[in-house]
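Report on one structure; see the data block that follows.
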Amino acid sequence: MAERRGERSWSQAHLAGLLGVSRQTVISIERGRFDPSLPLAFRIAEVFECRIEDLFTPQATPVTDPKKN
């Protein structure tokens with residue numbers, strides 16, 4: 001996300017204003033400390049005119065079956 005923001009010469013504050021979130025939220029997303037909600041992820045993709053998958057890739061988390069424990 002930071003790379004796309006930089007390509008547009010947008011500050012974190014400008015992007016935050018477009019998204020309706022705080023600058024701290026943008027910083028946290030860019031640093032990987034915060035995963036945006038699905039509605040926010042859609043807004044981010046809309047602002048950058050791309051798909052969510054172009055911005056975010058889910059980390060594989062093993063699925064465990066509680067019945068097998």
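Residues are named by chain letter and number: chains run A, B, ... in the order of the structure tokens, numbers start at 1 in each chain, and ligands are numbered from 1 in the order shown.
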Would you mind listing what lies within 10 Å of Phe48 of chain A as a PDB file with C-alpha atoms, in the first residue's frame, with only C-alpha atoms counted and same-chain residues fewer than 3 positions away left out?
```
ATOM      1  CA  MET A   1       0.000   0.000   0.000  1.00  0.00           C
ATOM      2  CA  ARG A   4       1.034   2.694  -4.379  1.00  0.00           C
ATOM      3  CA  ARG A   5       0.588   5.713  -2.129  1.00  0.00           C
ATOM      4  CA  ARG A   8       0.720   9.020  -6.332  1.00  0.00           C
ATOM      5  CA  LEU A  15      -4.749   8.806   2.128  1.00  0.00           C
ATOM      6  CA  PHE A  42     -12.658  -2.511  -0.292  1.00  0.00           C
ATOM      7  CA  ARG A  43     -12.368   1.277   0.169  1.00  0.00           C
ATOM      8  CA  ILE A  44      -8.582   1.090  -0.082  1.00  0.00           C
ATOM      9  CA  ALA A  45      -8.820  -0.963  -3.279  1.00  0.00           C
ATOM     10  CA  ARG A  51      -8.562  -5.388  -6.504  1.00  0.00           C
ATOM     11  CA  ILE A  52      -8.184  -6.206  -2.830  1.00  0.00           C
ATOM     12  CA  ASP A  54      -3.572  -6.668  -5.480  1.00  0.00           C
ATOM     13  CA  LEU A  55      -3.022  -4.996  -2.095  1.00  0.00           C
TER      14      LEU A  55
END
```
I want to know what sits within 9 Å of Val26 of chain A, based on only C-alpha atoms, with residues of the same chain fewer than 6 positions away left out; could you give that as number ranges by chain?
A: 2, 12-13, 15-16, 34
Since we have the selection now, will you write its residues out, keeping N, CA, C and O atoms, as a PDB file, in the first residue's frame?
```
ATOM      1  N   ALA A   2       1.947   1.234   0.759  1.00  0.00           N
ATOM      2  CA  ALA A   2       2.828   2.401   0.819  1.00  0.00           C
ATOM      3  C   ALA A   2       3.421   2.711  -0.556  1.00  0.00           C
ATOM      4  O   ALA A   2       3.550   3.885  -0.923  1.00  0.00           O
ATOM      5  N   GLN A  12       0.539  10.083   4.030  1.00  0.00           N
ATOM      6  CA  GLN A  12      -0.314   9.194   4.812  1.00  0.00           C
ATOM      7  C   GLN A  12      -1.565   9.927   5.270  1.00  0.00           C
ATOM      8  O   GLN A  12      -2.652   9.357   5.293  1.00  0.00           O
ATOM      9  N   ALA A  13      -1.416  11.193   5.597  1.00  0.00           N
ATOM     10  CA  ALA A  13      -2.564  11.995   6.034  1.00  0.00           C
ATOM     11  C   ALA A  13      -3.577  12.159   4.908  1.00  0.00           C
ATOM     12  O   ALA A  13      -4.792  12.089   5.142  1.00  0.00           O
ATOM     13  N   LEU A  15      -4.076  10.092   2.319  1.00  0.00           N
ATOM     14  CA  LEU A  15      -4.749   8.806   2.128  1.00  0.00           C
ATOM     15  C   LEU A  15      -5.746   8.557   3.251  1.00  0.00           C
ATOM     16  O   LEU A  15      -6.869   8.120   2.996  1.00  0.00           O
ATOM     17  N   ALA A  16      -5.367   8.865   4.469  1.00  0.00           N
ATOM     18  CA  ALA A  16      -6.276   8.691   5.600  1.00  0.00           C
ATOM     19  C   ALA A  16      -7.552   9.501   5.399  1.00  0.00           C
ATOM     20  O   ALA A  16      -8.655   9.007   5.651  1.00  0.00           O
ATOM     21  N   PHE A  34      -1.720  -3.966  11.537  1.00  0.00           N
ATOM     22  CA  PHE A  34      -3.180  -3.942  11.592  1.00  0.00           C
ATOM     23  C   PHE A  34      -3.723  -4.439  10.271  1.00  0.00           C
ATOM     24  O   PHE A  34      -3.290  -3.991   9.207  1.00  0.00           O
TER      25      PHE A  34
END
```
Identify which of the residues A:Val47, A:Gln59, A:Arg31, A:Glu53 lies closest to Trp10 of chain A, counting only C-alpha atoms when measuring atom-to-atom distances.
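That would be A:Val47, the residue with the smallest distance to Trp10 of chain A.
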